[in-house]
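Notes follow once the structure below has been shown.
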Amino acid sequence: MAILAQTPPMGFNTWNTFGENISEQMLMEITDVIVEQGYRDAGYKYVVIDDCWLLRERDEDGNLVPDPAKFPHGMKYVADYIHSKGLKFGMYSCAGVRTCAGYPSSFDHEFQDARLFASWGVDFLKYDFCNFPKYANCKHRYLTMAQALRASGRDILFSACNWGVEEPWNWMRSIGAHMYRSTWDIFDNFPSTVGIMNNQFNNFNANAAGCFNDMDMLTVGMNGQGNVANSENCNTYTEYELQFAYWCFCGAPLMMGADLRKVGDEYRTLMQNKELIRLNQDAECRPPYRVREDNGYHVFIRHLADGEFALGIFNLCDNTRTAECIFAEMGIPVGSGVKVALTDVMTGEEIAPKRDDHYPQVPAHSFKIYRAKCVMA
């Protein structure tokens with residue numbers, strides 16, 4: 001059987017923009033945009049409904065019930081439509097007794113709900129952590145749903161979302177998750193992005209084919225509009241670019257959260273950037289390694305397939321920084337007889353092989369990413 005998450009999953013999730021205001025019509029329109037505007041061809045394949053899709057109580061057989069006002073044709077109808085467009089369908093539930101918005105959830109119903117999701121044609125389950133009983137065991141409950149999904153008769157990607165409780169990077173891969181949220185919820189502003197970046201520097205050690213550290217859905221292109229946005233305090237284009245580049249550099253799942261029907265061409269172009277997505281989807285799936293933190297900027301390397309590595313500099317400061325990229329700190333000492341050839345991922349500029357170091361200027365709230373390879377001096 002093929003690995004469900006051979007590389008970081010890519011798709012769209014309703015929560016960041018729509019919250020409870022979801023419907024089958026909206027979801028079908030988003031699906032059409034994903035196909036017609038090139039997102040599917042760029043690698044995005046999951047269309048995921050988040051919280052608030054169901055009625056407040058289960059039916060007489062104990063099954064979850066889609067809200068007929070929002071989904072009048074039912075979930076299999078939605079799944080069939082999404083599948084007909086060459087995409088995959090994602091659903092939401094929660095490890096607690098109620099979802100974060102107070103709807104019935106999957107605690108003690110794991111196997112029943114997994115079978116129901118499979119019967120609808122679900123390909124992806126986001127599994128949240130609200131209203132979790134204090135006596136219950138977090139790890140065991142995520143293991144239970146992993147087993148339920150595997151026994152459902154359908155391949156369903158397990159997106160575990162427990163916000164970093166009990167250090168999930170140490171055990172989510174082992175219990176069967178394909179991606180795991182290790183952060184609090186993202187909001188559409190720069191401090192939120194920076195808070196998540198600062199919180200995640202050391203949490204990518206378990207990244208490899210089959211299971212990836214999830215930094216939450218992207219807010220790129222929201223421009224202050226939507227469920228997690230504030231129109232007076234949203235990101236600039238440069239800050240959105242930094243967010244997308246960092247998610248790509250780290251090999252995190254790329255789940256878009258903006259209303260794709262309305263985003264400007266510059267954001268569509270950014271989220272379909274071939275070189276950044278190529279970096280995100282690199283076949284070796286190795287995590288980043290930070291080699292320097294200095295004066296408000298951070299320098300990382302990330303080993304890539306074909307003997308290359310990526311060099312990433314992320315400036316979180318409010319002014320330009322000259323970044324010290326010392327090759328000896330990257331495992332390439334002066335005495336190695338090796339130079340480093342660099343190609344700017346965003347511009348395509350090729351920098352002649354250099355010995356010892358590289359000192360680029362990195363603007364405020366921005367970044368530099370290079371594909372790099374060692375060459376004999």
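Going by the structure tokens order, chains are called A, B, ..., each with residues numbered from 1, while ligands are numbered from 1 in the order shown.
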inquiry  = Just want the 10 Å neighbourhood of Thr99 (chain A), counted on only C-alpha atoms, with same-chain residues fewer than 2 positions away dropped. Output as a PyMOL selection string.
reply    = chain A and resi 51-52+92-97+101-107+127-132
key: Close residues, region 27-42 of chain A itself excluded, 10 Å, only C-alpha atoms, min 2 positions apart in chain, as a VMD selection string   = chain A and resid 10 to 14 22 to 25 44 to 49 71 78 to 79 81 to 83 85 to 89 259 to 262 265 268 to 269 271 to 274 277 to 278
request  = Tell me which protein, DNA and RNA residues are within 9 Å of Asp188 (chain A), counting only C-alpha atoms, leaving out same-chain ones fewer than 2 positions away, and put them as a list in words.
outcome  =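 That gives Asn16, Ile186, Phe190, Pro191, Ser192, Thr193, Leu218, Thr219, Val220, Met222, Asn223, Gly224, Gln225, Gly226, Val228, Ala229, Asn230, Ser231, Asn233, Cys234 and Asn235 of chain A.
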request  = Find, counting only C-alpha atoms, the residue in A:Gly19, A:Gly296, A:Pro287, A:Gly90 that gets nearest to Asn319 (chain A).
outcome  = A:Gly296
request  = May I ask for the distance between CA of Ala5 (chain A) and CA of Asn199 (chain A), given in Å to one decimal place?
outcome  =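 CA of Asn199 (chain A) lies 23.8 Å from CA of Ala5 (chain A).
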task = Write out as a list in words each polymer residue whose atoms come within 12 Å of Asp318 (chain A), counting only C-alpha atoms; drop sequence neighbours fewer than 6 positions from it.
result = Phe190, Pro191, Glu239, Asn295, Gly296, Tyr297, Val362, Pro363, Ala364, His365 and Ser366 of chain A
Produce a file of the selected residues containing N, CA and C atoms, as a JSON list (two decimals), in the first residue's frame.
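Resulting contents of result_4.json:
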[["chain", "number", "residue", "atom", "x", "y", "z"],
["A", 190, "PHE", "N", 0.87, 39.31, 11.80],
["A", 190, "PHE", "CA", 2.28, 38.94, 11.85],
["A", 190, "PHE", "C", 2.71, 38.41, 13.22],
["A", 191, "PRO", "N", 2.27, 39.01, 14.34],
["A", 191, "PRO", "CA", 2.67, 38.44, 15.63],
["A", 191, "PRO", "C", 2.26, 36.98, 15.78],
["A", 239, "GLU", "N", 4.85, 39.85, 4.57],
["A", 239, "GLU", "CA", 4.68, 38.97, 5.72],
["A", 239, "GLU", "C", 3.99, 37.67, 5.33],
["A", 295, "ASN", "N", 20.79, 38.32, 16.52],
["A", 295, "ASN", "CA", 20.31, 39.69, 16.28],
["A", 295, "ASN", "C", 18.96, 39.72, 15.57],
["A", 296, "GLY", "N", 18.09, 38.77, 15.92],
["A", 296, "GLY", "CA", 16.73, 38.79, 15.40],
["A", 296, "GLY", "C", 16.48, 38.03, 14.12],
["A", 297, "TYR", "N", 17.50, 37.41, 13.55],
["A", 297, "TYR", "CA", 17.29, 36.57, 12.38],
["A", 297, "TYR", "C", 17.76, 35.15, 12.68],
["A", 362, "VAL", "N", 18.93, 41.05, 4.28],
["A", 362, "VAL", "CA", 17.58, 40.48, 4.35],
["A", 362, "VAL", "C", 16.65, 41.56, 4.91],
["A", 363, "PRO", "N", 15.67, 42.04, 4.13],
["A", 363, "PRO", "CA", 14.78, 43.10, 4.60],
["A", 363, "PRO", "C", 13.95, 42.68, 5.80],
["A", 364, "ALA", "N", 13.35, 43.65, 6.46],
["A", 364, "ALA", "CA", 12.49, 43.39, 7.62],
["A", 364, "ALA", "C", 11.35, 42.46, 7.25],
["A", 365, "HIS", "N", 11.04, 41.54, 8.15],
["A", 365, "HIS", "CA", 9.91, 40.61, 8.01],
["A", 365, "HIS", "C", 10.00, 39.83, 6.70],
["A", 366, "SER", "N", 11.23, 39.52, 6.29],
["A", 366, "SER", "CA", 11.40, 38.86, 5.01],
["A", 366, "SER", "C", 12.41, 37.72, 5.14]]
inquiry  = Please determine, counting only C-alpha atoms, which residue among A:Leu4, A:Cys325, A:Leu242, A:Val194 has the shortest atom-to-atom distance to Ser159 (chain A).
reply    =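 Closest to Ser159 (chain A) of all the choices is A:Leu4.
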message = When DSSP is applied to the backbone of this structure, which of region 207-319 of chain A are assigned strand (DSSP E)? Write them out as a ChimeraX atom specification.
response = /A:212-214,254-256,289-294,297-303,309-315
request  = Could you check which of A:Phe187, A:Glu166, A:Phe367, A:Glu284 is closest to Thr320 (chain A), using only C-alpha atoms?
outcome  = A:Phe367
remark   = From CA of Pro360 (chain A) to CA of Arg321 (chain A) the spacing works out at 8.4 Å
key: Residue among A:Lys368, A:Lys126, A:Arg181, A:Arg292 lying closest to Ile326 (chain A), counting only C-alpha atoms   = A:Arg292
Residue among A:Ile156, A:Ala341, A:Val263, A:Ala372 lying closest to Ala305 (chain A), counting only C-alpha atoms =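 For Ala305 (chain A), the nearest of the candidates is A:Ala372.
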inquiry  = Measuring between only C-alpha atoms, which one of A:Met256, A:Cys285, A:Leu143, A:Val165 shows the shortest distance to Ala209 (chain A)?
reply    =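 For Ala209 (chain A), the nearest of the given residues is A:Cys285.
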Need to verify the contact set: His178 (chain A), 12 Å, only C-alpha atoms, exclusion of same-chain residues closer than 4 positions in sequence. Can you return it as a short mmCIF file (atom, residue, chain, number, x, y, z; two decimals) with all heavy atoms, in the first residue's frame?
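What landed in selection.cif:
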data_model
loop_
_atom_site.label_atom_id
_atom_site.label_comp_id
_atom_site.auth_asym_id
_atom_site.auth_seq_id
_atom_site.Cartn_x
_atom_site.Cartn_y
_atom_site.Cartn_z
N ILE A 3 2.20 4.97 0.83
CA ILE A 3 2.16 5.80 2.02
C ILE A 3 1.22 6.97 1.76
O ILE A 3 1.32 7.67 0.75
CB ILE A 3 3.56 6.31 2.38
CG1 ILE A 3 4.49 5.14 2.71
CG2 ILE A 3 3.51 7.29 3.54
CD1 ILE A 3 5.92 5.55 2.96
N LEU A 4 0.26 7.21 2.67
CA LEU A 4 -0.74 8.25 2.47
C LEU A 4 -0.11 9.64 2.41
O LEU A 4 -0.54 10.49 1.63
CB LEU A 4 -1.79 8.22 3.58
CG LEU A 4 -2.91 7.20 3.42
CD1 LEU A 4 -3.90 7.32 4.57
CD2 LEU A 4 -3.64 7.39 2.10
N ALA A 5 0.87 9.88 3.23
CA ALA A 5 1.53 11.19 3.26
C ALA A 5 3.01 10.99 2.94
O ALA A 5 3.88 11.13 3.80
CB ALA A 5 1.35 11.85 4.62
N GLN A 6 3.29 10.66 1.69
CA GLN A 6 4.67 10.46 1.27
C GLN A 6 5.47 11.76 1.40
O GLN A 6 6.65 11.77 1.73
CB GLN A 6 4.71 9.97 -0.17
CG GLN A 6 6.11 9.71 -0.71
CD GLN A 6 6.78 8.51 -0.07
OE1 GLN A 6 6.19 7.43 -0.01
NE2 GLN A 6 7.99 8.68 0.43
N THR A 7 4.80 12.88 1.13
CA THR A 7 5.35 14.22 1.33
C THR A 7 4.30 15.05 2.06
O THR A 7 3.17 14.59 2.24
CB THR A 7 5.71 14.88 -0.02
OG1 THR A 7 4.54 14.89 -0.86
CG2 THR A 7 6.84 14.13 -0.72
N PRO A 8 4.61 16.25 2.53
CA PRO A 8 3.64 17.02 3.31
C PRO A 8 2.31 17.21 2.56
O PRO A 8 2.30 17.64 1.40
CB PRO A 8 4.35 18.36 3.54
CG PRO A 8 5.81 18.01 3.50
CD PRO A 8 5.93 16.94 2.47
N PRO A 9 1.18 16.91 3.20
CA PRO A 9 -0.12 17.09 2.55
C PRO A 9 -0.37 18.55 2.18
O PRO A 9 0.05 19.48 2.88
CB PRO A 9 -1.11 16.61 3.62
CG PRO A 9 -0.32 15.65 4.46
CD PRO A 9 1.06 16.23 4.50
N PHE A 124 -9.64 12.24 4.45
CA PHE A 124 -8.79 13.03 5.36
C PHE A 124 -9.64 13.37 6.58
O PHE A 124 -10.79 13.79 6.43
CB PHE A 124 -8.37 14.30 4.62
CG PHE A 124 -7.52 15.30 5.37
CD1 PHE A 124 -6.22 15.54 4.94
CD2 PHE A 124 -8.01 16.05 6.44
CE1 PHE A 124 -5.44 16.51 5.58
CE2 PHE A 124 -7.24 17.00 7.07
CZ PHE A 124 -5.93 17.22 6.64
N LEU A 125 -9.10 13.17 7.77
CA LEU A 125 -9.82 13.55 8.98
C LEU A 125 -8.94 14.47 9.83
O LEU A 125 -7.87 14.07 10.29
CB LEU A 125 -10.20 12.32 9.82
CG LEU A 125 -10.92 12.66 11.14
CD1 LEU A 125 -12.29 13.27 10.88
CD2 LEU A 125 -11.03 11.44 12.04
N LYS A 126 -9.41 15.70 10.03
CA LYS A 126 -8.80 16.58 11.02
C LYS A 126 -9.45 16.27 12.36
O LYS A 126 -10.67 16.32 12.50
CB LYS A 126 -9.00 18.05 10.67
CG LYS A 126 -8.44 18.99 11.74
CD LYS A 126 -8.68 20.46 11.43
CE LYS A 126 -8.28 21.35 12.60
NZ LYS A 126 -8.54 22.78 12.35
N TYR A 127 -8.62 15.99 13.38
CA TYR A 127 -9.12 15.50 14.65
C TYR A 127 -8.65 16.40 15.77
O TYR A 127 -7.50 16.36 16.19
CB TYR A 127 -8.64 14.06 14.86
CG TYR A 127 -9.49 13.24 15.80
CD1 TYR A 127 -10.86 13.14 15.63
CD2 TYR A 127 -8.90 12.52 16.84
CE1 TYR A 127 -11.64 12.37 16.48
CE2 TYR A 127 -9.67 11.74 17.69
CZ TYR A 127 -11.03 11.67 17.51
OH TYR A 127 -11.81 10.89 18.34
N TYR A 142 -5.93 9.33 20.72
CA TYR A 142 -5.47 9.50 19.35
C TYR A 142 -5.09 8.16 18.73
O TYR A 142 -5.32 7.91 17.54
CB TYR A 142 -4.34 10.52 19.28
CG TYR A 142 -4.86 11.94 19.25
CD1 TYR A 142 -5.09 12.65 20.43
CD2 TYR A 142 -5.20 12.54 18.04
CE1 TYR A 142 -5.62 13.94 20.40
CE2 TYR A 142 -5.73 13.83 18.01
CZ TYR A 142 -5.94 14.51 19.20
OH TYR A 142 -6.48 15.79 19.16
N ALA A 146 -6.73 6.42 15.37
CA ALA A 146 -5.85 5.90 14.33
C ALA A 146 -6.23 4.46 13.97
O ALA A 146 -6.30 4.08 12.79
CB ALA A 146 -4.39 5.98 14.78
N LEU A 149 -9.62 4.44 12.04
CA LEU A 149 -9.49 4.83 10.64
C LEU A 149 -8.87 3.69 9.82
O LEU A 149 -9.31 3.42 8.69
CB LEU A 149 -8.64 6.09 10.52
CG LEU A 149 -9.26 7.37 11.10
CD1 LEU A 149 -8.25 8.52 11.04
CD2 LEU A 149 -10.54 7.75 10.38
N ARG A 150 -7.89 3.01 10.37
CA ARG A 150 -7.26 1.91 9.65
C ARG A 150 -8.19 0.71 9.49
O ARG A 150 -8.03 -0.08 8.55
CB ARG A 150 -5.95 1.50 10.36
CG ARG A 150 -4.84 2.53 10.18
CD ARG A 150 -3.63 2.27 11.06
NE ARG A 150 -2.62 3.30 10.83
CZ ARG A 150 -1.56 3.15 10.05
NH1 ARG A 150 -1.35 2.00 9.41
NH2 ARG A 150 -0.69 4.14 9.90
N ASP A 155 -8.67 4.20 2.96
CA ASP A 155 -7.48 4.96 3.31
C ASP A 155 -7.89 6.39 3.68
O ASP A 155 -8.38 7.14 2.82
CB ASP A 155 -6.50 5.01 2.14
CG ASP A 155 -5.81 3.68 1.90
OD1 ASP A 155 -5.79 2.85 2.82
OD2 ASP A 155 -5.30 3.48 0.78
N ILE A 156 -7.70 6.76 4.94
CA ILE A 156 -8.07 8.09 5.42
C ILE A 156 -6.85 8.70 6.12
O ILE A 156 -6.36 8.16 7.11
CB ILE A 156 -9.26 8.04 6.39
CG1 ILE A 156 -10.49 7.45 5.68
CG2 ILE A 156 -9.58 9.43 6.93
CD1 ILE A 156 -11.70 7.28 6.58
N LEU A 157 -6.38 9.81 5.59
CA LEU A 157 -5.24 10.50 6.20
C LEU A 157 -5.66 11.06 7.55
O LEU A 157 -6.69 11.73 7.66
CB LEU A 157 -4.75 11.61 5.27
CG LEU A 157 -3.45 12.32 5.66
CD1 LEU A 157 -2.71 12.78 4.39
CD2 LEU A 157 -3.68 13.51 6.56
N PHE A 158 -4.85 10.80 8.58
CA PHE A 158 -5.17 11.19 9.95
C PHE A 158 -4.40 12.45 10.31
O PHE A 158 -3.19 12.42 10.53
CB PHE A 158 -4.83 10.05 10.89
CG PHE A 158 -5.27 10.26 12.32
CD1 PHE A 158 -6.26 11.16 12.65
CD2 PHE A 158 -4.69 9.52 13.36
CE1 PHE A 158 -6.67 11.34 13.97
CE2 PHE A 158 -5.09 9.68 14.67
CZ PHE A 158 -6.08 10.60 14.97
N SER A 159 -5.13 13.58 10.37
CA SER A 159 -4.55 14.87 10.74
C SER A 159 -4.89 15.15 12.20
O SER A 159 -5.97 15.65 12.52
CB SER A 159 -5.13 15.98 9.83
OG SER A 159 -4.72 17.25 10.25
N ALA A 160 -3.97 14.83 13.09
CA ALA A 160 -4.19 14.96 14.53
C ALA A 160 -3.89 16.39 14.97
O ALA A 160 -2.84 16.95 14.64
CB ALA A 160 -3.30 13.98 15.28
N CYS A 161 -4.81 16.97 15.71
CA CYS A 161 -4.71 18.39 16.07
C CYS A 161 -4.87 18.56 17.58
O CYS A 161 -5.96 18.86 18.06
CB CYS A 161 -5.79 19.18 15.31
SG CYS A 161 -5.84 20.94 15.69
N PRO A 168 3.57 16.18 21.10
CA PRO A 168 3.17 15.17 20.12
C PRO A 168 4.25 14.78 19.13
O PRO A 168 4.18 13.70 18.53
CB PRO A 168 1.98 15.83 19.40
CG PRO A 168 2.19 17.30 19.60
CD PRO A 168 2.78 17.42 20.97
N TRP A 169 5.27 15.63 18.95
CA TRP A 169 6.38 15.28 18.06
C TRP A 169 7.12 14.04 18.55
O TRP A 169 7.84 13.42 17.77
CB TRP A 169 7.34 16.45 17.90
CG TRP A 169 7.67 17.15 19.20
CD1 TRP A 169 8.69 16.85 20.05
CD2 TRP A 169 6.96 18.25 19.78
NE1 TRP A 169 8.67 17.70 21.14
CE2 TRP A 169 7.62 18.57 20.99
CE3 TRP A 169 5.84 19.00 19.40
CZ2 TRP A 169 7.18 19.60 21.82
CZ3 TRP A 169 5.42 20.02 20.22
CH2 TRP A 169 6.09 20.32 21.42
N TRP A 171 5.48 11.29 19.79
CA TRP A 171 4.68 10.06 19.77
C TRP A 171 3.61 9.99 18.68
O TRP A 171 3.09 8.91 18.39
CB TRP A 171 4.00 9.84 21.13
CG TRP A 171 3.23 11.03 21.65
CD1 TRP A 171 3.71 12.04 22.42
CD2 TRP A 171 1.84 11.33 21.44
NE1 TRP A 171 2.71 12.95 22.72
CE2 TRP A 171 1.55 12.54 22.13
CE3 TRP A 171 0.80 10.68 20.77
CZ2 TRP A 171 0.28 13.12 22.14
CZ3 TRP A 171 -0.47 11.26 20.78
CH2 TRP A 171 -0.72 12.46 21.46
N MET A 172 3.27 11.09 18.02
CA MET A 172 2.20 11.04 17.02
C MET A 172 2.54 10.12 15.85
O MET A 172 1.66 9.42 15.32
CB MET A 172 1.88 12.44 16.50
CG MET A 172 0.93 13.24 17.39
SD MET A 172 -0.74 12.55 17.46
CE MET A 172 -1.61 13.92 18.24
N ARG A 173 3.78 10.13 15.40
CA ARG A 173 4.17 9.20 14.33
C ARG A 173 3.94 7.76 14.77
O ARG A 173 3.42 6.94 14.00
CB ARG A 173 5.64 9.42 13.96
CG ARG A 173 6.21 8.34 13.04
CD ARG A 173 7.67 8.62 12.71
NE ARG A 173 7.77 9.80 11.86
CZ ARG A 173 7.60 9.79 10.53
NH1 ARG A 173 7.35 8.65 9.92
NH2 ARG A 173 7.70 10.90 9.84
N SER A 174 4.30 7.45 15.99
CA SER A 174 4.21 6.07 16.46
C SER A 174 2.77 5.58 16.58
O SER A 174 2.48 4.40 16.35
CB SER A 174 4.90 5.93 17.83
OG SER A 174 6.27 6.25 17.73
N ALA A 206 10.72 14.88 14.03
CA ALA A 206 10.05 13.66 13.59
C ALA A 206 9.59 13.72 12.14
O ALA A 206 9.03 12.74 11.63
CB ALA A 206 8.85 13.36 14.50
N ASN A 207 9.80 14.84 11.46
CA ASN A 207 9.36 14.95 10.07
C ASN A 207 10.04 13.92 9.18
O ASN A 207 11.28 13.84 9.12
CB ASN A 207 9.69 16.35 9.51
CG ASN A 207 8.50 17.26 9.50
OD1 ASN A 207 7.60 17.15 10.32
ND2 ASN A 207 8.48 18.19 8.56
N ALA A 208 9.24 13.12 8.51
CA ALA A 208 9.72 12.17 7.52
C ALA A 208 8.51 11.66 6.78
O ALA A 208 7.36 11.91 7.18
CB ALA A 208 10.49 11.02 8.17
N ALA A 209 8.74 10.95 5.68
CA ALA A 209 7.62 10.42 4.91
C ALA A 209 6.66 9.67 5.82
O ALA A 209 7.06 8.83 6.62
CB ALA A 209 8.14 9.49 3.81
N GLY A 210 5.38 10.03 5.72
CA GLY A 210 4.35 9.36 6.51
C GLY A 210 3.81 10.16 7.67
O GLY A 210 2.71 9.88 8.14
N CYS A 211 4.56 11.19 8.14
CA CYS A 211 4.09 11.97 9.29
C CYS A 211 4.83 13.31 9.37
O CYS A 211 6.07 13.31 9.36
CB CYS A 211 4.28 11.19 10.59
SG CYS A 211 3.55 11.97 12.04
N PHE A 212 4.06 14.40 9.47
CA PHE A 212 4.66 15.73 9.39
C PHE A 212 4.11 16.66 10.47
O PHE A 212 2.92 16.64 10.79
CB PHE A 212 4.38 16.34 8.01
CG PHE A 212 5.02 15.57 6.90
CD1 PHE A 212 4.31 14.58 6.24
CD2 PHE A 212 6.34 15.80 6.54
CE1 PHE A 212 4.90 13.83 5.23
CE2 PHE A 212 6.93 15.07 5.54
CZ PHE A 212 6.22 14.09 4.87
N ASN A 213 5.01 17.51 10.99
CA ASN A 213 4.66 18.53 11.95
C ASN A 213 3.83 19.63 11.27
O ASN A 213 4.24 20.20 10.26
CB ASN A 213 5.93 19.13 12.55
CG ASN A 213 5.65 20.11 13.66
OD1 ASN A 213 5.04 19.78 14.66
ND2 ASN A 213 6.12 21.34 13.49
N ASP A 214 2.66 19.92 11.83
CA ASP A 214 1.69 20.83 11.22
C ASP A 214 1.65 22.14 12.01
O ASP A 214 1.34 22.14 13.20
CB ASP A 214 0.32 20.14 11.23
CG ASP A 214 -0.81 21.03 10.74
OD1 ASP A 214 -0.53 22.05 10.10
OD2 ASP A 214 -1.98 20.67 10.99
N ALA A 252 6.36 21.67 6.24
CA ALA A 252 5.08 21.57 6.94
C ALA A 252 3.96 21.35 5.93
O ALA A 252 4.07 21.74 4.76
CB ALA A 252 4.82 22.85 7.72
N PRO A 253 2.84 20.74 6.34
CA PRO A 253 1.67 20.67 5.46
C PRO A 253 1.24 22.06 5.01
O PRO A 253 1.32 23.03 5.78
CB PRO A 253 0.61 20.01 6.35
CG PRO A 253 1.40 19.18 7.33
CD PRO A 253 2.63 20.01 7.61
#
task = In Å, rounded to a single decimal, give me how far CA of Arg115 (chain A) is from CA of Met26 (chain A).
result = 25.8 Å
Per DSSP on the backbone, filter region 65-95 of chain A down to the residues in helix (DSSP H, G or I) and report them as a PDB file with N, CA and C atoms, in the first residue's frame.
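As written to disk, selection-v7.pdb reads:
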ATOM      1  N   MET A  75     -23.232  14.362   2.776  1.00  0.00           N
ATOM      2  CA  MET A  75     -21.784  14.410   2.625  1.00  0.00           C
ATOM      3  C   MET A  75     -21.261  13.541   1.481  1.00  0.00           C
ATOM      4  N   LYS A  76     -21.931  12.450   1.176  1.00  0.00           N
ATOM      5  CA  LYS A  76     -21.442  11.640   0.065  1.00  0.00           C
ATOM      6  C   LYS A  76     -21.579  12.395  -1.253  1.00  0.00           C
ATOM      7  N   TYR A  77     -22.617  13.198  -1.369  1.00  0.00           N
ATOM      8  CA  TYR A  77     -22.794  14.032  -2.554  1.00  0.00           C
ATOM      9  C   TYR A  77     -21.612  15.002  -2.706  1.00  0.00           C
ATOM     10  N   VAL A  78     -21.228  15.633  -1.601  1.00  0.00           N
ATOM     11  CA  VAL A  78     -20.092  16.553  -1.626  1.00  0.00           C
ATOM     12  C   VAL A  78     -18.812  15.806  -1.970  1.00  0.00           C
ATOM     13  N   ALA A  79     -18.610  14.645  -1.325  1.00  0.00           N
ATOM     14  CA  ALA A  79     -17.415  13.845  -1.595  1.00  0.00           C
ATOM     15  C   ALA A  79     -17.352  13.433  -3.062  1.00  0.00           C
ATOM     16  N   ASP A  80     -18.468  13.005  -3.601  1.00  0.00           N
ATOM     17  CA  ASP A  80     -18.492  12.563  -5.001  1.00  0.00           C
ATOM     18  C   ASP A  80     -18.140  13.722  -5.938  1.00  0.00           C
ATOM     19  N   TYR A  81     -18.633  14.910  -5.624  1.00  0.00           N
ATOM     20  CA  TYR A  81     -18.325  16.075  -6.461  1.00  0.00           C
ATOM     21  C   TYR A  81     -16.826  16.386  -6.409  1.00  0.00           C
ATOM     22  N   ILE A  82     -16.270  16.406  -5.210  1.00  0.00           N
ATOM     23  CA  ILE A  82     -14.845  16.696  -5.056  1.00  0.00           C
ATOM     24  C   ILE A  82     -14.006  15.635  -5.763  1.00  0.00           C
ATOM     25  N   HIS A  83     -14.386  14.366  -5.604  1.00  0.00           N
ATOM     26  CA  HIS A  83     -13.656  13.289  -6.278  1.00  0.00           C
ATOM     27  C   HIS A  83     -13.746  13.413  -7.791  1.00  0.00           C
ATOM     28  N   SER A  84     -14.893  13.873  -8.302  1.00  0.00           N
ATOM     29  CA  SER A  84     -15.066  13.998  -9.752  1.00  0.00           C
ATOM     30  C   SER A  84     -14.120  15.031 -10.347  1.00  0.00           C
TER      31      SER A  84
END
message = So that I can check the surroundings of Tyr370 (chain A), please list as a PyMOL selection string every protein, DNA and RNA residue that reaches within 6 Å of it, counting only C-alpha atoms and ignoring chain neighbours fewer than 3 positions away.
response = chain A and resi 310-311+342-345
